[in-house]
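Structure record follows, encoded as structure tokens.
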Amino acid sequence: MKPLALSHKALALFLALALGQGAIRGQTAPAQTAPKFKGKAPVSTEVLKIKLPRAQEAPLSNGVHLMVLEDHRVPSVQFEIIMIGAGGYYDPQDLPGLADTTASLMDEGTATKTSEQIAQALDTMAATVSVTANEGSQIATVTGSALTDQFDPVLALAADILLNPSFPEKELGLYKGRARAALEEQRSDPDFLKEERYAKTIYGSHPASSVGLTRESLEKISRDALVTFHKNNYVPDHTIIGVSGDITLAEARTKFENALKGWTKSGKPRPGVVDPPDSGPLKVSLVNRPGSVQTAYQIGEQAINRVHPDYDAMQVMNTILGGSNGRLFRELRELKGYTYGVYSGVRALRYRGDLRASMDVRTEVTEPALRDLLAELGKMRDQLVPDPEFKDAQRSLTASFALSLENPAELLNLYVVRQLYNYPVDYWDRYTDRIMSITPAQVQAVARKYLDPARLQIVAVGDATKIEKSLRTFGPVELFDDEGRTVK
Amino acid sequence: MKRHRLLLAALLVVCAAGLAAITIPKVSFSDTRLKNGLRVIISPDRAAPVVAVAIAYNVGSRNERRGRTGFAHLFEHLMFKGSENVADGELAGLIENYGGNHNGQTDKDHTIYFEQVPSNQLDMVLFLEADRMRSPAINRENVDNQREAVKEERRLRVDNQPYGRTSETVAELAFENFANEHSIIGSMADLDAASLSDFSEFFKTYYAPNNAVLAIAGDVDEKGTLEKVRQYFESISPGPPAPKLDTSEPTPKEERRATVQDPLARLTLVDVAYQVPGGLNPDIDALSALSTVLGAGRSSRLYDSLVRQQQIAVQVYAGVQQSKGPGLFYLEAMAAPGKDPADVEKAIYAEVEEVVKGPIQDWELEKARNAARRSLVSNLRSSLQRAILLARYAVFFDDPAIINTRYERIASLKVDDLQRVSRQYLVPSNRTVVVTMPAPKAGAK
């Protein structure tokens with residue numbers, strides 16, 4: 001049990017602009033319903049003119065795209081090796097969680113090192129190397145960080161983990177034991193039950209509907225499946241390496257060339273994606289969790305992909321609606337006291353993603369809280385966002401750029417996103433102008449398009465004996481148990 | 001060659017493994033007390049156009065009286081509901097509209113408010129913090145409203161979560177002194193009982209400038225910033241000194257033990273917590289290094305023994321908090337399905353015995369040293385982290401320089417130090433054991 005401190009609000013719930021892992025972003029704006037500001041605090045109305053330092057880029061000899069953002073303030077280096085085609089999106093249909101299991105086992109033994117040796121080497125240097133492959137994502141990532149004086153041995157270990165994993169049978173057996181327990185434990189977590197049902201409701205049979213391993217797939221996964229997945233999917237074609245911190249482009253280029261020697265192109269085309277099938281008309285999916293004292297809600301519908309022309313207007317809309325001080329927060333937490341936090345977010349990747357809002361409310365206010373939330377969605381559709389609320393949201397999105405200058409890894413992420421989605425070189429230089437040119441009419445148009453009340457999917461996790469009746473007032477209810485099974 | 005721009009007084013660190021030595025810059029700062037007693041710490045760093053402000057009040061849940069648990073945290077929520085010159089929601093609105101972040105945090109020992117903004121908004125943040133230090137809007141409507149948000153927070157973190165009741169149970173058993181034993185979030189009944197006069201009284205007692213530390217880090221110049229701080233804060237009247245708080249604990253005489261039946265849990269959790277001193281006790285450094293040896297990462301002893309070798313647990317944790325008052329050294333393991341929690345508990349004690357007996361390997365100590373070195377370096381990167389730590393160390397230990405010296409103290413530890421604290425603190429009479437077991441679900445037939 002970690003020592004506890006309580007925060008005023010959830011920290012940066014949707015702030016992580018993940019690398020194509022589902023870029024979910026929320027920002028801020030005072031709500032229309034907010035009381036008037038007194039306007040006495042001295043503010044500088046000037047948005048700092050930020051010159052973003054550019055990442056330096058170079059190809060490696062095996063075609064990998066290397067991006068480096070130098071920052072010598074602090075003696076540490078972070079890196080990410082991003083492989084398009086090794087993420088959970090490419091799980092075989094009968095083996096959900098294979099990509100994740102492959103990634104999880106890569107550091108549990110290589111041709112020359114045991115799991116214990118790898119763990120001891122990294123822990124002793126207090127360095128990290130981890131491999132992740134998220135559900136629904138196209139990419140797998142080897143992430144590492146080290147103090148400058150330990151970068152070489154850490155990179156050598158990372159390269160060994162990436163190129164020579166041996167997937168020992170013994171480690172797979174141990175992993176399965178831990179995973180069985182984790183599969184059991186996650187079913188006690190209301191957040192997991194919510195995410196699971198939401199993914200299935202929105203994405204149907206699409207790869208994005210997966211929440212990872214199932215009891216069945218866990219038992220079926222063999223060492224051969226891991227070896228094959230690794231061999232076929234961890235290839236340098238279409239790979240991006242991002243390095244930031246106390247290193248130069250020339251140093252990074254030499255070190256990665258050497259470390260990844262022998263990692264040769266497979267000649268495979270860039271793996272593609274398809275859009276998810278339609279998720280159908282409005283319905284309520286209720287997961288029964290007996291003994292719950294809260295109802296955990298996630299409400300949303302399919303929306304756009306990351307390269308859709310509505311993406312920028314969507315960011316502004318999302319900031320106004322569900323940013324960390326947005327309309328939902330002002331109305332449902334600050335005014336009504338229904339919840340500790342309520343936010344909205346946009347998940348946009350290569351395929352059509354979704355727009356969602358989520359909150360946990362006490363059981364007694366299950367009905368009025370949802371009614372108020374739906375009313376806020378209605379207001380976004382029916383009314384133009386007035387000033388200054390609109391301009392505040394635009395400024396919030398653009399002024400926060402200054403903060404990222406402190407963190408080279410965060411800045412570099414911007415350039416990696418640009419590279420992943422083939423945006424023009426000046427994509428982030430023009431970001432401020434693009435956001436500032438969005439109009440209230442455009443925001444209303446995206447609200448009308450993507451907050452369609454007839455297509456909304458409402459997922460609720462709570463004590464069905466107490467909330468099922470009131471949920472029926474919102475639409476047809478499908479009931480599930482906490483094992484994820486339909487209840488007749 | 002000035003590569004590390006933070007470098008002001010370089011601290012030479014020679015890595016024990018014989019790798020190339022690197023210099024880790026120190027955090028430089030000024031430390032001033034205003035006429036009204038407010039302590040002001042300024043740490044300039046011009047690398048990015050960002051400034052962070054943290055203001056820590058020397059009050060936490062330990063200062064609460066019986067019947068008013070959860071009060072310090074509820075009061076923290078109230079501080080976001082406006083003040084004489086700032087409307088309800090205006091602080092959050094302004095900071096976020098101008099590209100910043102903000103939050104507040106309450107723990108047993110202190111309450112801290114912090115913001116990070118583009119550096120041209122420093123005046124705004126100082127104005128907002130000064131206004132709520134001077135004149136927060138303590139009224140019935142705001143109190144009732146935030147009471148509901150906090151009760152929702154309790155449901156979210158405790159009542160609706162598996163193992164939510166566990167840490168409350170551990171603390172209640174481990175400590176005798178009310179100041180130490182009750183939870184930060186408090187009970188629903190006490191939250192309901194808090195009256196308006198309680199809030200005014202609490203404000204007068206604890207929210208005076210002489211009971212606070214203001215830390216500013218980032219793209220500012222020291223002199224001009226101190227002038228601004230004086231302009232906004234120095235006219236706030238000081239209060240009487242806050243009452244002295246007795247956090248002393250009687251020496252525990254025997255093991256304390258409880259079982260929690262948790263209808264929301266599915267696996268059994270075993271917690272063993274040893275009482276450890278607070279304050280700037282050097283033993284905490286050794287205990288911190290010991291927790292790294294026992295519980296950090298896959299190379300740790302608990303992971304290797306309980307998870308890998310014996311396969312009786314699926315997760316382990318070890319940790320100790322550096323705090324002002326007495327704290328706990330935690331060892332925790334989640335039992336694998338079907339495994340007897342008694343065996344898990346025995347296996348934890350066996351690892352404690354091994355530490356006492358020795359040997360502790362050189363690499364295990366180096367692991368603890370490097371972990372401290374990494375955290376020293378990551379503190380340098382973020383102005384917000386620097387501001388928070390400077391304010392926190394000043395409030396906890398009256399010594400903000402700990403931000404620079406903590407690593408040196410960890411680096412100087414010897415194997416003997418770890419064994420000595422194991423022998424001293426990790427003994428049966430000093431421990432509290434709580435086993436949280438899955439119980440039949442409420443409403444299940």
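Ordered as shown in the structure tokens, chains take letters A, B, and onward, while each chain numbers its residues from 1 and ligands are numbered from 1 in the order shown.
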Item to check | Who sits within 10 Å of stretch 108-112 of chain B, only C-alpha atoms, same chain under 4 positions skipped, as an NGL selection string | outcome: (:A and (3-7)) or (:B and (54-64 or 72-73 or 75-76 or 103-104 or 179-184 or 207 or 212-214 or 323-325 or 327 or 388 or 391-392 or 395-396))
Item to check | Residues near B:Pro243, cut-off 8 Å, only C-alpha atoms, skip fewer than 2 positions along chain, as a PyMOL selection string | outcome: chain B and resi 205+241+245
Checklist entry - Residues of stretch 180-404 of chain B in strand (DSSP E or B) according to DSSP, as a ChimeraX atom specification? => result /B:212-218,256-262,269-276,313-320,327-335
Next on the checklist: Using only C-alpha atoms for the distances, tell me which of B:Ala350, B:Ile185, B:Val307, B:Ala286 is nearest to B:Asp416.
Outcome noted: B:Ala286
For the structure I just gave you, how does DSSP split stretch 163-288 of chain A - specifically, which residues are alpha helix (DSSP H)? Reply as a short mmCIF file (atom, residue, chain, number, x, y, z; two decimals) with N, CA and C atoms, in the first residue's frame.
data_model
loop_
_atom_site.label_atom_id
_atom_site.label_comp_id
_atom_site.auth_asym_id
_atom_site.auth_seq_id
_atom_site.Cartn_x
_atom_site.Cartn_y
_atom_site.Cartn_z
N LEU A 163 16.40 -7.57 -30.37
CA LEU A 163 16.81 -8.42 -31.50
C LEU A 163 16.91 -9.91 -31.15
N GLU A 169 10.70 -21.22 -22.26
CA GLU A 169 9.46 -21.89 -21.85
C GLU A 169 9.16 -21.62 -20.38
N LYS A 170 10.23 -21.69 -19.58
CA LYS A 170 10.05 -21.52 -18.13
C LYS A 170 9.46 -20.14 -17.81
N GLU A 171 9.99 -19.10 -18.50
CA GLU A 171 9.48 -17.75 -18.24
C GLU A 171 8.04 -17.61 -18.72
N LEU A 172 7.72 -18.26 -19.83
CA LEU A 172 6.34 -18.20 -20.32
C LEU A 172 5.41 -18.83 -19.28
N GLY A 173 5.83 -19.94 -18.70
CA GLY A 173 5.03 -20.61 -17.67
C GLY A 173 4.82 -19.70 -16.46
N LEU A 174 5.89 -19.06 -16.02
CA LEU A 174 5.77 -18.15 -14.87
C LEU A 174 4.86 -16.97 -15.21
N TYR A 175 5.04 -16.47 -16.42
CA TYR A 175 4.23 -15.33 -16.87
C TYR A 175 2.75 -15.69 -16.85
N LYS A 176 2.45 -16.90 -17.33
CA LYS A 176 1.05 -17.32 -17.37
C LYS A 176 0.45 -17.39 -15.97
N GLY A 177 1.25 -17.84 -15.01
CA GLY A 177 0.76 -17.87 -13.63
C GLY A 177 0.39 -16.48 -13.13
N ARG A 178 1.26 -15.52 -13.40
CA ARG A 178 0.97 -14.15 -12.95
C ARG A 178 -0.21 -13.57 -13.72
N ALA A 179 -0.26 -13.89 -15.02
CA ALA A 179 -1.33 -13.32 -15.86
C ALA A 179 -2.70 -13.88 -15.45
N ARG A 180 -2.75 -15.17 -15.07
CA ARG A 180 -4.03 -15.74 -14.61
C ARG A 180 -4.56 -14.95 -13.41
N ALA A 181 -3.65 -14.63 -12.49
CA ALA A 181 -4.05 -13.86 -11.31
C ALA A 181 -4.49 -12.46 -11.70
N ALA A 182 -3.75 -11.86 -12.65
CA ALA A 182 -4.09 -10.49 -13.07
C ALA A 182 -5.45 -10.46 -13.76
N LEU A 183 -5.75 -11.50 -14.55
CA LEU A 183 -7.05 -11.56 -15.23
C LEU A 183 -8.17 -11.64 -14.20
N GLU A 184 -7.89 -12.36 -13.11
CA GLU A 184 -8.87 -12.47 -12.04
C GLU A 184 -9.02 -11.12 -11.34
N GLU A 185 -7.89 -10.54 -10.99
CA GLU A 185 -7.91 -9.32 -10.19
C GLU A 185 -8.56 -8.15 -10.94
N GLN A 186 -8.31 -8.06 -12.23
CA GLN A 186 -8.84 -6.89 -12.95
C GLN A 186 -10.37 -6.85 -12.95
N PRO A 190 -13.58 -1.46 -11.14
CA PRO A 190 -14.68 -0.88 -11.94
C PRO A 190 -14.19 -0.23 -13.24
N ASP A 191 -12.98 0.33 -13.21
CA ASP A 191 -12.45 0.97 -14.42
C ASP A 191 -12.23 -0.05 -15.53
N PHE A 192 -11.68 -1.20 -15.15
CA PHE A 192 -11.47 -2.23 -16.16
C PHE A 192 -12.80 -2.68 -16.75
N LEU A 193 -13.79 -2.94 -15.90
CA LEU A 193 -15.09 -3.41 -16.40
C LEU A 193 -15.70 -2.39 -17.35
N LYS A 194 -15.50 -1.13 -17.03
CA LYS A 194 -16.02 -0.04 -17.87
C LYS A 194 -15.30 -0.01 -19.22
N GLU A 195 -13.98 -0.06 -19.19
CA GLU A 195 -13.21 -0.01 -20.44
C GLU A 195 -13.53 -1.22 -21.32
N GLU A 196 -13.64 -2.36 -20.69
CA GLU A 196 -13.91 -3.58 -21.45
C GLU A 196 -15.25 -3.47 -22.19
N ARG A 197 -16.28 -3.09 -21.45
CA ARG A 197 -17.61 -3.04 -22.08
C ARG A 197 -17.66 -1.92 -23.12
N TYR A 198 -17.02 -0.79 -22.82
CA TYR A 198 -17.02 0.34 -23.76
C TYR A 198 -16.34 -0.05 -25.07
N ALA A 199 -15.19 -0.70 -24.98
CA ALA A 199 -14.45 -1.09 -26.19
C ALA A 199 -15.31 -2.02 -27.05
N LYS A 200 -15.99 -2.96 -26.39
CA LYS A 200 -16.80 -3.92 -27.16
C LYS A 200 -18.01 -3.22 -27.77
N THR A 201 -18.59 -2.29 -27.03
CA THR A 201 -19.79 -1.60 -27.51
C THR A 201 -19.48 -0.70 -28.70
N ILE A 202 -18.38 0.04 -28.60
CA ILE A 202 -18.06 1.00 -29.66
C ILE A 202 -17.46 0.30 -30.88
N TYR A 203 -16.58 -0.67 -30.65
CA TYR A 203 -15.78 -1.20 -31.76
C TYR A 203 -16.21 -2.58 -32.26
N ARG A 215 -8.94 -15.47 -20.71
CA ARG A 215 -8.53 -16.75 -20.10
C ARG A 215 -8.22 -17.77 -21.18
N GLU A 216 -9.02 -17.75 -22.25
CA GLU A 216 -8.82 -18.73 -23.33
C GLU A 216 -7.52 -18.45 -24.08
N SER A 217 -7.32 -17.20 -24.48
CA SER A 217 -6.13 -16.92 -25.29
C SER A 217 -4.86 -17.13 -24.48
N LEU A 218 -4.92 -16.84 -23.19
CA LEU A 218 -3.73 -17.03 -22.35
C LEU A 218 -3.29 -18.50 -22.39
N GLU A 219 -4.25 -19.41 -22.27
CA GLU A 219 -3.89 -20.83 -22.26
C GLU A 219 -3.37 -21.27 -23.62
N LYS A 220 -3.90 -20.66 -24.69
CA LYS A 220 -3.51 -21.07 -26.05
C LYS A 220 -2.15 -20.56 -26.49
N ARG A 223 5.04 -20.82 -26.94
CA ARG A 223 6.33 -20.21 -27.23
C ARG A 223 6.47 -19.96 -28.73
N ASP A 224 6.01 -20.93 -29.54
CA ASP A 224 6.09 -20.78 -31.00
C ASP A 224 5.36 -19.53 -31.48
N ALA A 225 4.19 -19.28 -30.89
CA ALA A 225 3.40 -18.11 -31.31
C ALA A 225 4.17 -16.83 -31.02
N LEU A 226 4.87 -16.80 -29.88
CA LEU A 226 5.66 -15.61 -29.51
C LEU A 226 6.83 -15.43 -30.47
N VAL A 227 7.54 -16.53 -30.73
CA VAL A 227 8.70 -16.47 -31.62
C VAL A 227 8.27 -16.00 -33.01
N THR A 228 7.17 -16.55 -33.49
CA THR A 228 6.70 -16.19 -34.83
C THR A 228 6.25 -14.72 -34.89
N PHE A 229 5.50 -14.31 -33.86
CA PHE A 229 5.02 -12.92 -33.86
C PHE A 229 6.21 -11.96 -33.84
N HIS A 230 7.20 -12.28 -33.01
CA HIS A 230 8.38 -11.42 -32.93
C HIS A 230 9.11 -11.37 -34.26
N LYS A 231 9.31 -12.54 -34.86
CA LYS A 231 10.07 -12.62 -36.11
C LYS A 231 9.38 -11.83 -37.23
N ASN A 232 8.07 -11.97 -37.31
CA ASN A 232 7.35 -11.32 -38.41
C ASN A 232 7.07 -9.84 -38.19
N ASN A 233 6.95 -9.43 -36.94
CA ASN A 233 6.44 -8.08 -36.68
C ASN A 233 7.48 -7.08 -36.18
N LEU A 249 23.01 14.31 -32.52
CA LEU A 249 22.54 13.46 -33.63
C LEU A 249 23.66 12.52 -34.07
N ALA A 250 24.86 13.06 -34.19
CA ALA A 250 25.98 12.24 -34.67
C ALA A 250 26.25 11.07 -33.71
N GLU A 251 26.23 11.38 -32.40
CA GLU A 251 26.45 10.32 -31.41
C GLU A 251 25.34 9.27 -31.50
N ALA A 252 24.11 9.74 -31.56
CA ALA A 252 22.97 8.82 -31.57
C ALA A 252 23.04 7.92 -32.80
N ARG A 253 23.39 8.52 -33.93
CA ARG A 253 23.43 7.78 -35.18
C ARG A 253 24.46 6.64 -35.10
N THR A 254 25.65 6.99 -34.63
CA THR A 254 26.70 5.97 -34.52
C THR A 254 26.30 4.88 -33.53
N LYS A 255 25.79 5.28 -32.38
CA LYS A 255 25.47 4.31 -31.33
C LYS A 255 24.34 3.37 -31.77
N PHE A 256 23.30 3.93 -32.40
CA PHE A 256 22.19 3.05 -32.82
C PHE A 256 22.58 2.18 -34.02
N GLU A 257 23.37 2.74 -34.94
CA GLU A 257 23.87 1.90 -36.06
C GLU A 257 24.58 0.67 -35.51
N ASN A 258 25.48 0.90 -34.54
CA ASN A 258 26.25 -0.21 -33.98
C ASN A 258 25.38 -1.18 -33.19
N ALA A 259 24.51 -0.61 -32.37
CA ALA A 259 23.69 -1.47 -31.49
C ALA A 259 22.74 -2.34 -32.30
#
Item to check | Straight-line distance linking atom CA of A:Asn164 with atom CA of A:Asn413, stated in Å to one decimal | outcome: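 Going from atom CA of A:Asn164 over to atom CA of A:Asn413 covers 27.0 Å.
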Next on the checklist: Set the distance at 10 Å and use only C-alpha atoms: which residues neighbour B:Tyr163 once local chain neighbours fewer than 6 positions away are removed? I'd like the list as a ChimeraX atom specification.
Outcome noted: /A:1,188 /B:157,260-269,435-438
Residues of the last selection are to be written out with N, CA and C atoms, as a CSV table (one decimal), in the first residue's frame.
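See selection-v9.csv below for the written result:
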chain,number,residue,atom,x,y,z
A,1,MET,N,0.9,-1.2,0.0
A,1,MET,CA,0.0,0.0,0.0
A,1,MET,C,0.9,1.2,0.0
A,188,SER,N,-12.2,-7.1,-10.5
A,188,SER,CA,-12.7,-6.4,-9.3
A,188,SER,C,-12.6,-4.9,-9.5
B,157,ARG,N,-12.0,6.4,-4.2
B,157,ARG,CA,-10.7,5.8,-3.9
B,157,ARG,C,-10.8,4.7,-2.8
B,260,VAL,N,-9.3,-8.2,7.1
B,260,VAL,CA,-10.3,-7.4,6.5
B,260,VAL,C,-11.1,-8.2,5.5
B,261,GLN,N,-12.4,-8.3,5.6
B,261,GLN,CA,-13.2,-9.1,4.6
B,261,GLN,C,-13.6,-8.0,3.6
B,262,ASP,N,-13.2,-8.2,2.4
B,262,ASP,CA,-13.5,-7.2,1.3
B,262,ASP,C,-14.3,-7.8,0.2
B,263,PRO,N,-15.6,-7.4,0.1
B,263,PRO,CA,-16.5,-8.0,-0.9
B,263,PRO,C,-16.1,-7.6,-2.3
B,264,LEU,N,-15.2,-6.6,-2.5
B,264,LEU,CA,-14.9,-6.1,-3.8
B,264,LEU,C,-13.6,-6.8,-4.3
B,265,ALA,N,-12.8,-7.5,-3.4
B,265,ALA,CA,-11.5,-8.1,-3.8
B,265,ALA,C,-11.7,-9.5,-4.3
B,266,ARG,N,-10.8,-9.9,-5.1
B,266,ARG,CA,-10.8,-11.3,-5.6
B,266,ARG,C,-9.6,-12.1,-5.2
B,267,LEU,N,-8.5,-11.4,-4.8
B,267,LEU,CA,-7.3,-12.1,-4.4
B,267,LEU,C,-6.9,-11.6,-3.0
B,268,THR,N,-6.1,-12.4,-2.3
B,268,THR,CA,-5.8,-12.0,-0.9
B,268,THR,C,-4.5,-11.1,-0.9
B,269,LEU,N,-4.6,-10.0,-0.1
B,269,LEU,CA,-3.4,-9.1,0.0
B,269,LEU,C,-2.9,-9.2,1.4
B,435,VAL,N,-4.4,-8.7,6.7
B,435,VAL,CA,-4.7,-9.6,5.6
B,435,VAL,C,-6.1,-9.3,5.0
B,436,THR,N,-6.1,-8.9,3.8
B,436,THR,CA,-7.4,-8.5,3.2
B,436,THR,C,-7.8,-9.7,2.3
B,437,MET,N,-9.0,-10.2,2.6
B,437,MET,CA,-9.5,-11.4,1.9
B,437,MET,C,-10.8,-11.1,1.2
B,438,PRO,N,-10.9,-11.8,0.0
B,438,PRO,CA,-12.2,-11.7,-0.7
B,438,PRO,C,-13.3,-12.2,0.2
Next on the checklist: Can you pull out the residues contacting A:Asp123? Cut-off 7 Å, using only C-alpha atoms, and skip same-chain residues under 4 positions away; I want them as a list in words.
Outcome noted: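 Residues near the query, excluding close chain neighbours: Ala119 and Ala127 of chain A; Gly297, Ser299 and Lys367 of chain B.
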Item to check | Residues near B:Ile410, cut-off 8 Å, only C-alpha atoms, skip fewer than 2 positions along chain, as a list of chain:residue names | outcome: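 Result of the neighbour search: B:Asp285, B:Ala286, B:Ala289, B:Ala368, B:Arg369, B:Ala372, B:Arg406, B:Tyr407, B:Glu408, B:Ser412, B:Leu413.
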Restricting it to N, CA and C atoms, dump the selection as a PDB file, in the first residue's frame.
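As written to disk, again38.pdb reads:
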ATOM      1  N   ASP B 285      16.970   7.069   5.649  1.00  0.00           N
ATOM      2  CA  ASP B 285      17.776   6.848   4.440  1.00  0.00           C
ATOM      3  C   ASP B 285      18.099   5.364   4.285  1.00  0.00           C
ATOM      4  N   ALA B 286      18.515   4.758   5.383  1.00  0.00           N
ATOM      5  CA  ALA B 286      18.872   3.340   5.327  1.00  0.00           C
ATOM      6  C   ALA B 286      17.636   2.488   5.038  1.00  0.00           C
ATOM      7  N   ALA B 289      16.839   2.752   1.355  1.00  0.00           N
ATOM      8  CA  ALA B 289      17.714   1.874   0.564  1.00  0.00           C
ATOM      9  C   ALA B 289      17.317   0.411   0.757  1.00  0.00           C
ATOM     10  N   ALA B 368      20.427   0.898  -4.973  1.00  0.00           N
ATOM     11  CA  ALA B 368      19.790   1.942  -4.159  1.00  0.00           C
ATOM     12  C   ALA B 368      20.437   3.307  -4.424  1.00  0.00           C
ATOM     13  N   ARG B 369      21.766   3.313  -4.540  1.00  0.00           N
ATOM     14  CA  ARG B 369      22.472   4.571  -4.826  1.00  0.00           C
ATOM     15  C   ARG B 369      22.048   5.156  -6.165  1.00  0.00           C
ATOM     16  N   ALA B 372      18.610   6.726  -6.218  1.00  0.00           N
ATOM     17  CA  ALA B 372      18.602   8.072  -5.647  1.00  0.00           C
ATOM     18  C   ALA B 372      19.211   9.076  -6.627  1.00  0.00           C
ATOM     19  N   ARG B 406      20.216  14.746  -0.422  1.00  0.00           N
ATOM     20  CA  ARG B 406      19.643  13.427  -0.170  1.00  0.00           C
ATOM     21  C   ARG B 406      20.471  12.340  -0.861  1.00  0.00           C
ATOM     22  N   TYR B 407      20.891  12.630  -2.101  1.00  0.00           N
ATOM     23  CA  TYR B 407      21.656  11.617  -2.822  1.00  0.00           C
ATOM     24  C   TYR B 407      22.968  11.304  -2.114  1.00  0.00           C
ATOM     25  N   GLU B 408      23.630  12.352  -1.636  1.00  0.00           N
ATOM     26  CA  GLU B 408      24.918  12.116  -0.964  1.00  0.00           C
ATOM     27  C   GLU B 408      24.733  11.239   0.266  1.00  0.00           C
ATOM     28  N   SER B 412      26.317   7.449   0.783  1.00  0.00           N
ATOM     29  CA  SER B 412      27.314   7.143   1.820  1.00  0.00           C
ATOM     30  C   SER B 412      26.911   5.951   2.692  1.00  0.00           C
ATOM     31  N   LEU B 413      25.750   5.360   2.431  1.00  0.00           N
ATOM     32  CA  LEU B 413      25.290   4.233   3.250  1.00  0.00           C
ATOM     33  C   LEU B 413      26.170   3.005   3.055  1.00  0.00           C
TER      34      LEU B 413
END
Next on the checklist: So, with only C-alpha atoms as the atoms that count, which of B:Asp88, B:Asp45, B:Glu201, B:Asp343 lies closest to chain A?
Outcome noted: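 Checking each of B:Asp88, B:Asp45, B:Glu201, B:Asp343 against chain A, counting only C-alpha atoms, the winner is B:Asp88.
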Next on the checklist: Env of A:Asp360: 8 Å cut, atoms = only C-alpha atoms, seq-sep filter 6 positions within chain, self excluded. Answer as a ChimeraX atom specification.
Outcome noted: /A:294-297,339-342 /B:156
Write out, as a PDB file, in the first residue's frame, the residues just selected, with C-alpha atoms.
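So again-v6.pdb came out as:
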ATOM      1  CA  GLN A 294     -20.845   4.334  -7.382  1.00  0.00           C
ATOM      2  CA  THR A 295     -21.878   4.111 -10.994  1.00  0.00           C
ATOM      3  CA  ALA A 296     -18.905   4.333 -13.365  1.00  0.00           C
ATOM      4  CA  TYR A 297     -19.997   5.817 -16.682  1.00  0.00           C
ATOM      5  CA  THR A 339     -18.540  13.427  -9.012  1.00  0.00           C
ATOM      6  CA  TYR A 340     -14.856  13.852  -8.159  1.00  0.00           C
ATOM      7  CA  GLY A 341     -14.029  14.285 -11.832  1.00  0.00           C
ATOM      8  CA  VAL A 342     -15.660  14.269 -15.252  1.00  0.00           C
TER       9      VAL A 342
ATOM     10  CA  LEU B 156     -13.921   6.598  -5.723  1.00  0.00           C
TER      11      LEU B 156
END
